[in-house]
>>> print(open('protein-v4.txt').read())   # compact mmCIF, C-alpha atoms and all ligand atoms
# COMPACT_ATOMS: atom_id res chain seq x y z
CA MET A 1 0.00 0.00 0.00
CA LYS A 2 1.23 3.48 -0.84
CA PRO A 3 1.74 5.54 2.35
CA LEU A 4 -0.33 8.66 2.81
CA LEU A 5 2.42 10.27 4.86
CA GLN A 6 6.10 9.43 4.82
CA THR A 7 9.19 11.01 6.31
CA ILE A 8 12.67 10.28 5.02
CA GLY A 9 15.66 11.05 7.24
CA LEU A 10 13.66 13.82 8.90
CA PHE A 11 15.86 15.68 11.37
CA LYS A 12 15.38 18.74 13.59
CA GLN A 13 18.05 20.51 15.58
CA PHE A 14 17.59 23.47 17.96
CA ALA A 15 20.74 25.58 18.37
CA GLY A 16 22.97 22.55 18.12
CA LEU A 17 20.74 20.33 20.28
CA ARG A 18 18.76 17.50 18.72
CA GLY A 19 14.95 17.82 18.77
CA PHE A 20 14.62 14.49 16.95
CA GLY A 21 15.94 12.46 14.06
CA PRO A 22 16.85 11.29 11.61
CA ILE A 23 13.44 9.59 11.46
CA ASP A 24 11.94 7.40 8.72
CA PHE A 25 8.22 7.10 9.38
CA TYR A 26 5.07 6.26 7.42
CA ALA A 27 1.32 6.14 7.92
CA ASN A 28 -0.91 4.27 5.47
CA PRO A 29 -4.42 5.43 4.51
CA GLY A 30 -6.93 4.50 7.22
CA GLU A 31 -4.23 3.19 9.55
CA THR A 32 -4.06 4.06 13.26
CA VAL A 33 -0.45 4.48 14.36
CA GLY A 34 0.50 5.06 18.00
CA VAL A 35 3.65 7.01 18.82
CA ILE A 36 4.99 6.47 22.33
CA GLY A 37 8.18 7.49 24.06
CA PRO A 38 9.54 9.16 27.20
CA ASN A 39 9.06 12.88 27.89
CA GLY A 40 11.38 14.92 25.68
CA SER A 41 11.90 12.11 23.15
CA GLY A 42 10.83 14.37 20.25
CA LYS A 43 7.20 13.35 19.61
CA THR A 44 5.64 16.83 19.63
CA THR A 45 8.56 18.33 17.70
CA PHE A 46 8.13 15.58 15.09
CA PHE A 47 4.45 16.54 14.73
CA ASN A 48 5.45 20.22 14.48
CA VAL A 49 7.83 19.50 11.61
CA VAL A 50 5.52 17.06 9.80
CA THR A 51 2.66 19.57 9.85
CA GLY A 52 4.85 22.52 8.84
CA PHE A 53 4.80 24.50 12.10
CA LEU A 54 8.59 24.09 12.23
CA LYS A 55 11.11 23.73 9.42
CA PRO A 56 13.29 20.60 9.49
CA THR A 57 17.07 20.91 9.62
CA SER A 58 17.21 18.20 6.94
CA GLY A 59 15.15 15.37 5.46
CA GLN A 60 11.86 15.15 3.62
CA VAL A 61 8.13 14.97 4.30
CA LEU A 62 6.10 13.25 1.57
CA TRP A 63 2.32 13.20 1.12
CA GLN A 64 1.27 10.49 -1.32
CA ASP A 65 4.80 10.55 -2.76
CA GLN A 66 4.65 14.33 -3.27
CA ASP A 67 7.39 16.32 -1.50
CA ILE A 68 5.63 18.74 0.89
CA THR A 69 8.71 19.59 3.00
CA ASN A 70 8.50 23.26 2.04
CA LEU A 71 4.71 23.58 1.92
CA ALA A 72 3.06 26.01 4.38
CA ASP A 73 1.14 24.49 7.31
CA TYR A 74 -2.25 25.68 6.02
CA SER A 75 -1.56 24.16 2.59
CA ARG A 76 -0.79 20.82 4.25
CA ALA A 77 -4.04 21.11 6.21
CA ARG A 78 -5.87 21.71 2.93
CA LEU A 79 -4.42 18.45 1.60
CA GLY A 80 -5.94 16.71 4.63
CA LEU A 81 -2.93 16.57 6.98
CA VAL A 82 -4.42 18.02 10.15
CA ARG A 83 -3.25 18.09 13.75
CA THR A 84 -4.52 18.75 17.24
CA PHE A 85 -2.34 20.27 19.92
CA GLN A 86 -1.05 18.98 23.25
CA GLU A 87 -2.42 22.09 25.00
CA LYS A 88 -5.84 23.57 24.48
CA MET A 89 -5.76 25.86 21.45
CA VAL A 90 -9.00 27.82 21.31
CA PHE A 91 -9.82 31.51 21.31
CA GLN A 92 -11.19 31.91 24.81
CA GLY A 93 -13.18 35.11 24.26
CA THR A 94 -15.22 33.99 21.24
CA SER A 95 -17.98 31.44 20.78
CA VAL A 96 -17.54 27.82 19.80
CA ARG A 97 -19.16 28.66 16.44
CA GLU A 98 -16.67 31.48 15.79
CA ASN A 99 -13.75 29.24 16.75
CA LEU A 100 -14.88 26.63 14.23
CA GLN A 101 -15.50 29.23 11.53
CA PHE A 102 -12.11 30.83 12.18
CA ALA A 103 -10.36 27.45 11.83
CA LEU A 104 -11.99 27.01 8.42
CA ILE A 105 -11.11 30.51 7.19
CA GLN A 106 -7.55 30.27 8.54
CA HIS A 107 -7.02 27.14 6.48
CA GLY A 108 -8.57 28.56 3.32
CA LYS A 109 -11.71 26.41 3.52
CA SER A 110 -15.15 27.83 2.81
CA ASN A 111 -17.53 28.42 5.68
CA ILE A 112 -20.15 25.80 6.59
CA GLY A 113 -23.62 26.26 8.09
CA ASP A 114 -24.76 25.76 11.69
CA LEU A 115 -26.21 22.33 10.96
CA ASP A 116 -22.87 21.02 9.72
CA LEU A 117 -21.05 22.63 12.64
CA GLN A 118 -23.49 20.98 15.07
CA GLU A 119 -22.89 17.66 13.36
CA VAL A 120 -19.16 18.02 14.01
CA LEU A 121 -19.83 18.89 17.68
CA ALA A 122 -22.06 15.83 18.06
CA TYR A 123 -19.39 13.67 16.39
CA VAL A 124 -16.81 14.59 19.05
CA GLY A 125 -19.35 14.23 21.87
CA LEU A 126 -20.00 17.91 22.66
CA PRO A 127 -23.63 18.99 23.25
CA THR A 128 -24.79 20.94 20.18
CA SER A 129 -26.01 23.69 22.56
CA THR A 130 -22.36 24.61 23.22
CA ILE A 131 -22.22 26.25 19.78
CA ASP A 132 -23.21 29.64 21.29
CA GLN A 133 -21.06 29.26 24.40
CA LYS A 134 -17.84 31.20 24.85
CA ALA A 135 -14.94 28.79 24.29
CA GLY A 136 -13.31 30.13 27.46
CA ASP A 137 -16.31 28.99 29.52
CA LEU A 138 -15.92 25.35 28.47
CA SER A 139 -14.41 22.88 30.94
CA TRP A 140 -10.93 21.48 30.30
CA GLY A 141 -12.39 18.27 28.91
CA GLN A 142 -14.90 20.11 26.72
CA SER A 143 -12.20 22.37 25.31
CA ARG A 144 -10.15 19.27 24.39
CA LEU A 145 -13.21 17.96 22.56
CA LEU A 146 -13.53 21.35 20.83
CA GLY A 147 -9.87 20.97 19.81
CA MET A 148 -10.89 17.75 18.04
CA ALA A 149 -13.84 19.48 16.40
CA LEU A 150 -11.52 22.25 15.14
CA SER A 151 -9.45 19.58 13.39
CA LEU A 152 -12.46 17.67 12.09
CA VAL A 153 -14.06 20.64 10.30
CA MET A 154 -10.99 20.56 8.07
CA LYS A 155 -12.10 17.14 6.77
CA PRO A 156 -8.78 15.43 7.51
CA ARG A 157 -7.47 12.39 5.67
CA LEU A 158 -4.82 11.95 8.35
CA MET A 159 -5.19 13.33 11.86
CA LEU A 160 -2.21 13.80 14.14
CA LEU A 161 -3.31 13.84 17.76
CA ASP A 162 -0.97 14.95 20.52
CA GLU A 163 -2.03 13.43 23.86
CA PRO A 164 -5.78 13.47 23.20
CA PHE A 165 -6.57 11.83 26.56
CA ALA A 166 -4.49 14.16 28.75
CA GLY A 167 -6.44 15.43 31.74
CA LEU A 168 -9.71 13.79 30.71
CA ASN A 169 -11.95 11.80 33.02
CA ARG A 170 -13.27 8.37 32.01
CA VAL A 171 -16.43 9.71 30.39
CA SER A 172 -14.60 12.21 28.17
CA ALA A 173 -11.87 9.67 27.42
CA LEU A 174 -14.57 7.25 26.30
CA LYS A 175 -16.00 9.94 24.01
CA ILE A 176 -12.59 10.38 22.41
CA THR A 177 -12.16 6.61 22.08
CA ASN A 178 -15.56 6.32 20.38
CA MET A 179 -14.71 9.21 18.09
CA LEU A 180 -11.38 7.65 17.11
CA GLN A 181 -13.15 4.37 16.35
CA SER A 182 -15.67 6.26 14.16
CA LEU A 183 -12.81 8.01 12.34
CA LYS A 184 -11.20 4.64 11.73
CA ARG A 185 -14.49 3.22 10.40
CA ASP A 186 -14.72 6.27 8.12
CA GLY A 187 -11.27 5.42 6.69
CA ILE A 188 -9.45 8.38 8.22
CA GLY A 189 -5.82 7.74 9.15
CA ILE A 190 -4.73 8.62 12.67
CA VAL A 191 -1.34 9.11 14.31
CA ILE A 192 -1.65 9.41 18.10
CA VAL A 193 0.99 10.46 20.59
CA GLU A 194 -0.20 9.29 24.00
CA HIS A 195 1.23 8.26 27.36
CA GLU A 196 -1.93 6.48 28.53
CA MET A 197 -1.16 2.99 27.23
CA SER A 198 -4.40 1.31 28.33
CA LEU A 199 -6.38 3.74 26.14
CA LEU A 200 -3.91 3.92 23.28
CA LEU A 201 -2.80 0.36 22.58
CA PRO A 202 -6.24 -1.17 21.81
CA LEU A 203 -6.77 1.49 19.12
CA CYS A 204 -3.50 0.97 17.24
CA ASP A 205 -2.75 -1.08 14.14
CA ARG A 206 0.93 -0.30 14.69
CA VAL A 207 3.02 1.36 17.38
CA VAL A 208 6.25 3.32 16.87
CA VAL A 209 8.48 3.92 19.89
CA PHE A 210 10.60 7.06 20.10
CA ALA A 211 13.60 7.26 22.43
CA ASP A 212 16.18 10.06 22.44
CA GLY A 213 14.71 11.50 19.25
CA GLN A 214 14.94 8.29 17.25
CA VAL A 215 12.81 5.26 16.47
CA LEU A 216 13.72 2.56 18.95
CA ALA A 217 11.11 0.00 17.91
CA GLU A 218 8.04 -0.56 15.77
CA GLY A 219 5.40 -3.28 15.72
CA SER A 220 1.97 -4.34 16.94
CA SER A 221 0.91 -3.32 20.45
CA HIS A 222 1.60 -6.88 21.60
CA GLU A 223 5.08 -7.02 20.03
CA ILE A 224 6.03 -3.65 21.51
CA LEU A 225 5.02 -4.63 25.03
CA GLN A 226 7.15 -7.76 24.81
CA ARG A 227 10.37 -5.91 23.95
CA ASN A 228 12.87 -5.53 26.73
CA ASP A 229 14.53 -2.41 25.27
CA VAL A 230 11.13 -0.67 25.03
CA ARG A 231 10.17 -1.58 28.57
CA LYS A 232 13.52 -0.29 29.79
CA ALA A 233 13.46 2.99 27.81
CA TYR A 234 9.83 3.81 28.38
CA PHE A 235 8.60 2.02 31.45
CA GLY A 236 11.94 1.92 33.26
CA GLU A 237 11.66 -1.82 33.76
CA GLU A 238 13.04 -5.01 32.27
CA ILE A 239 11.47 -8.41 31.85
CA VAL A 240 13.52 -10.65 34.08
CA ALA A 241 13.53 -14.33 33.26
CA ARG A 242 12.31 -16.35 36.24
CA ASP A 243 13.46 -19.82 37.18
N1 LIG B 301 11.48 25.42 20.52
C1 LIG B 301 12.42 24.63 21.06
N2 LIG B 301 13.67 25.10 21.29
C2 LIG B 301 14.63 24.31 21.81
N3 LIG B 301 14.46 23.01 22.13
C3 LIG B 301 13.23 22.49 21.93
C4 LIG B 301 12.14 23.26 21.38
N4 LIG B 301 11.04 22.47 21.28
C5 LIG B 301 11.42 21.26 21.76
N5 LIG B 301 12.73 21.27 22.14
C6 LIG B 301 13.51 20.14 22.67
O1 LIG B 301 13.33 19.02 21.80
C7 LIG B 301 13.26 17.82 22.56
C8 LIG B 301 11.99 17.07 22.24
O2 LIG B 301 10.87 17.78 22.81
P1 LIG B 301 9.36 17.38 22.52
O3 LIG B 301 8.47 18.43 23.07
O4 LIG B 301 9.22 17.06 21.08
O5 LIG B 301 9.21 16.02 23.36
P2 LIG B 301 7.94 15.07 23.58
O6 LIG B 301 8.39 13.71 23.19
O7 LIG B 301 6.75 15.64 22.91
O8 LIG B 301 7.77 15.12 25.15
P3 LIG B 301 6.43 15.03 26.08
O9 LIG B 301 6.09 13.56 26.18
O10 LIG B 301 6.90 15.57 27.40
O11 LIG B 301 5.34 15.86 25.46
C9 LIG B 301 13.39 18.20 24.03
O12 LIG B 301 14.73 18.04 24.39
C10 LIG B 301 12.98 19.66 24.02
O13 LIG B 301 13.60 20.36 25.07
MG MG B 302 4.93 16.33 23.60
>>> encode(input="protein-v4.txt", output="structure tokens", more="lines below")
Ligand SMILES: Nc1ncnc2c1ncn2[C@@H]1O[C@H](COP(=O)(O)OP(=O)(O)OP(=O)(O)O)[C@@H](O)[C@H]1O
Ligand SMILES: [Mg+2]
Amino acid sequence: MKPLLQTIGLFKQFAGLRGFGPIDFYANPGETVGVIGPNGSGKTTFFNVVTGFLKPTSGQVLWQDQDITNLADYSRARLGLVRTFQEKMVFQGTSVRENLQFALIQHGKSNIGDLDLQEVLAYVGLPTSTIDQKAGDLSWGQSRLLGMALSLVMKPRLMLLDEPFAGLNRVSALKITNMLQSLKRDGIGIVIVEHEMSLLLPLCDRVVVFADGQVLAEGSSHEILQRNDVRKAYFGEEIVARD
């Protein structure tokens, strides 16, 4: 299968210090890929470079074999390469509707009506009545769900999610899980950075492990959990053979 997204020798340095790389990575259409790794291992920086928020020091980003390394972030979003952020990224003082409309305009997409906006809110598990609410009045969990909605209005073909479960209670986490399963059913590719293994691993077709800015391992959830080097780098433990 031809990958939707591919990186070749992608490398990012900050003032002589390595952010990550070189990294060869791919995500196939409709595939759910988990990215795990210790704090500071380069996961968010990798997302920032792949989506065009940061320029790489070297290497390439390909979208369906087309080189998009120098394409602006909004142009990548228009192709369907869309991300959510680790922190909440909404305009606090304006309504949910205006936030959604602004996301569309910012990415050069045409505006959509209230009914379609409400459909997106329902899809992520937000009450449709929140459309008139100020984004700043939403709870932490609700604003994370709005973050998802802001990405979804862009009609992504591949969504990059940075810690979508962070700070959510079980009910909101379940909403996100359901939404990710719906996205998968709808054939949308997903790359998820997440520390919460019990929520992440059941969703993934493949898991890629980052350590010190490089890919340490790659495989199914089951294979990854069995690897000693992964358990040591990420969980700080080793499988010790017993007599
Ligand atoms: N703007 C920046 N300037 C300098 N160094 C940076 C910058 N952004 C990230 N880094 C460095 O790059 C490395 C990778 O950071 P990154 O945020 O990508 O890690 P992460 O894997 O997302 O961690 P976490 O799990 O804590 O979110 C770290 O050493 C970090 O300090
Ligand atoms: Mg991060």
>>> residues_around(input="protein-v4.txt", residues="range 13-28 of chain A", least_positions_apart="5", cutoff="6 Å", atoms="only C-alpha atoms", output="list in words")
Pro3, Leu4, Leu5, Gln6, Thr7, Ile8, Gly42, Gly213 and Gln214 of chain A
>>> write_last_selection(input="protein-v4.txt", atoms="C-alpha atoms", output="compact mmCIF listing (two decimals), in the frame of the given file")
# COMPACT_ATOMS: atom_id res chain seq x y z
CA PRO A 3 1.74 5.54 2.35
CA LEU A 4 -0.33 8.66 2.81
CA LEU A 5 2.42 10.27 4.86
CA GLN A 6 6.10 9.43 4.82
CA THR A 7 9.19 11.01 6.31
CA ILE A 8 12.67 10.28 5.02
CA GLY A 42 10.83 14.37 20.25
CA GLY A 213 14.71 11.50 19.25
CA GLN A 214 14.94 8.29 17.25
>>> closest_residue(input="protein-v4.txt", among="A:Gly9, A:Gly187, A:Pro29, A:Gly37", to="ligand MG 302 (chain B)", atoms="all atoms listed in the file")
A:Gly37
>>> closest_residue(input="protein-v4.txt", among="A:Glu31, A:Asp132, A:Asp229, A:Asp186", to="Arg206 in chain A", atoms="only C-alpha atoms")
A:Glu31
>>> closest_residue(input="protein-v4.txt", among="A:Tyr234, A:Gln64, A:Ser198, A:Asp205", to="ligand LIG 301 (chain B)", atoms="only C-alpha atoms and all ligand atoms")
A:Tyr234
>>> residues_near_ligand(input="protein-v4.txt", ligand="ligand MG 302 (chain B)", cutoff="7 Å", atoms="all atoms listed in the file", output="PyMOL selection string")
chain A and resi 39-40+43-44+86+162
>>> closest_residue(input="protein-v4.txt", among="A:Gln60, A:Asn228, A:Thr128, A:Ser151", to="Ile190 in chain A", atoms="only C-alpha atoms")
A:Ser151
>>> closest_residue(input="protein-v4.txt", among="A:Met1, A:Leu161, A:Ala77, A:Cys204", to="ligand LIG 301 (chain B)", atoms="all atoms listed in the file")
A:Leu161
>>> atom_distance(input="protein-v4.txt", atom1="atom O3 of ligand LIG 301 (chain B)", atom2="CA of Val124 in chain A")
25.9 Å
>>> atom_distance(input="protein-v4.txt", atom1="CA of Val120 in chain A", atom2="CA of Val61 in chain A")
29.1 Å
>>> atom_distance(input="protein-v4.txt", atom1="CA of Val208 in chain A", atom2="CA of Leu150 in chain A")
26.0 Å
>>> closest_residue(input="protein-v4.txt", among="A:Ser182, A:Thr130, A:Thr84, A:Thr177", to="Val153 in chain A", atoms="only C-alpha atoms")
A:Thr84
>>> residues_around(input="protein-v4.txt", residues="range 71-74 of chain A", least_positions_apart="6", cutoff="9 Å", atoms="all atoms listed in the file", output="list in words")
Val50, Thr51, Gly52, Phe53, Leu54, Leu81, Val82, Gln106, His107 and Gly108 of chain A
>>> axis_aligned_box(input="protein-v4.txt", around="ligand LIG 301 (chain B)", padding_each_side="8 Å", output="lines of an AutoDock Vina configuration file")
center_x = 10.0
center_y = 19.5
center_z = 24.0
size_x = 25.4
size_y = 27.9
size_z = 22.9
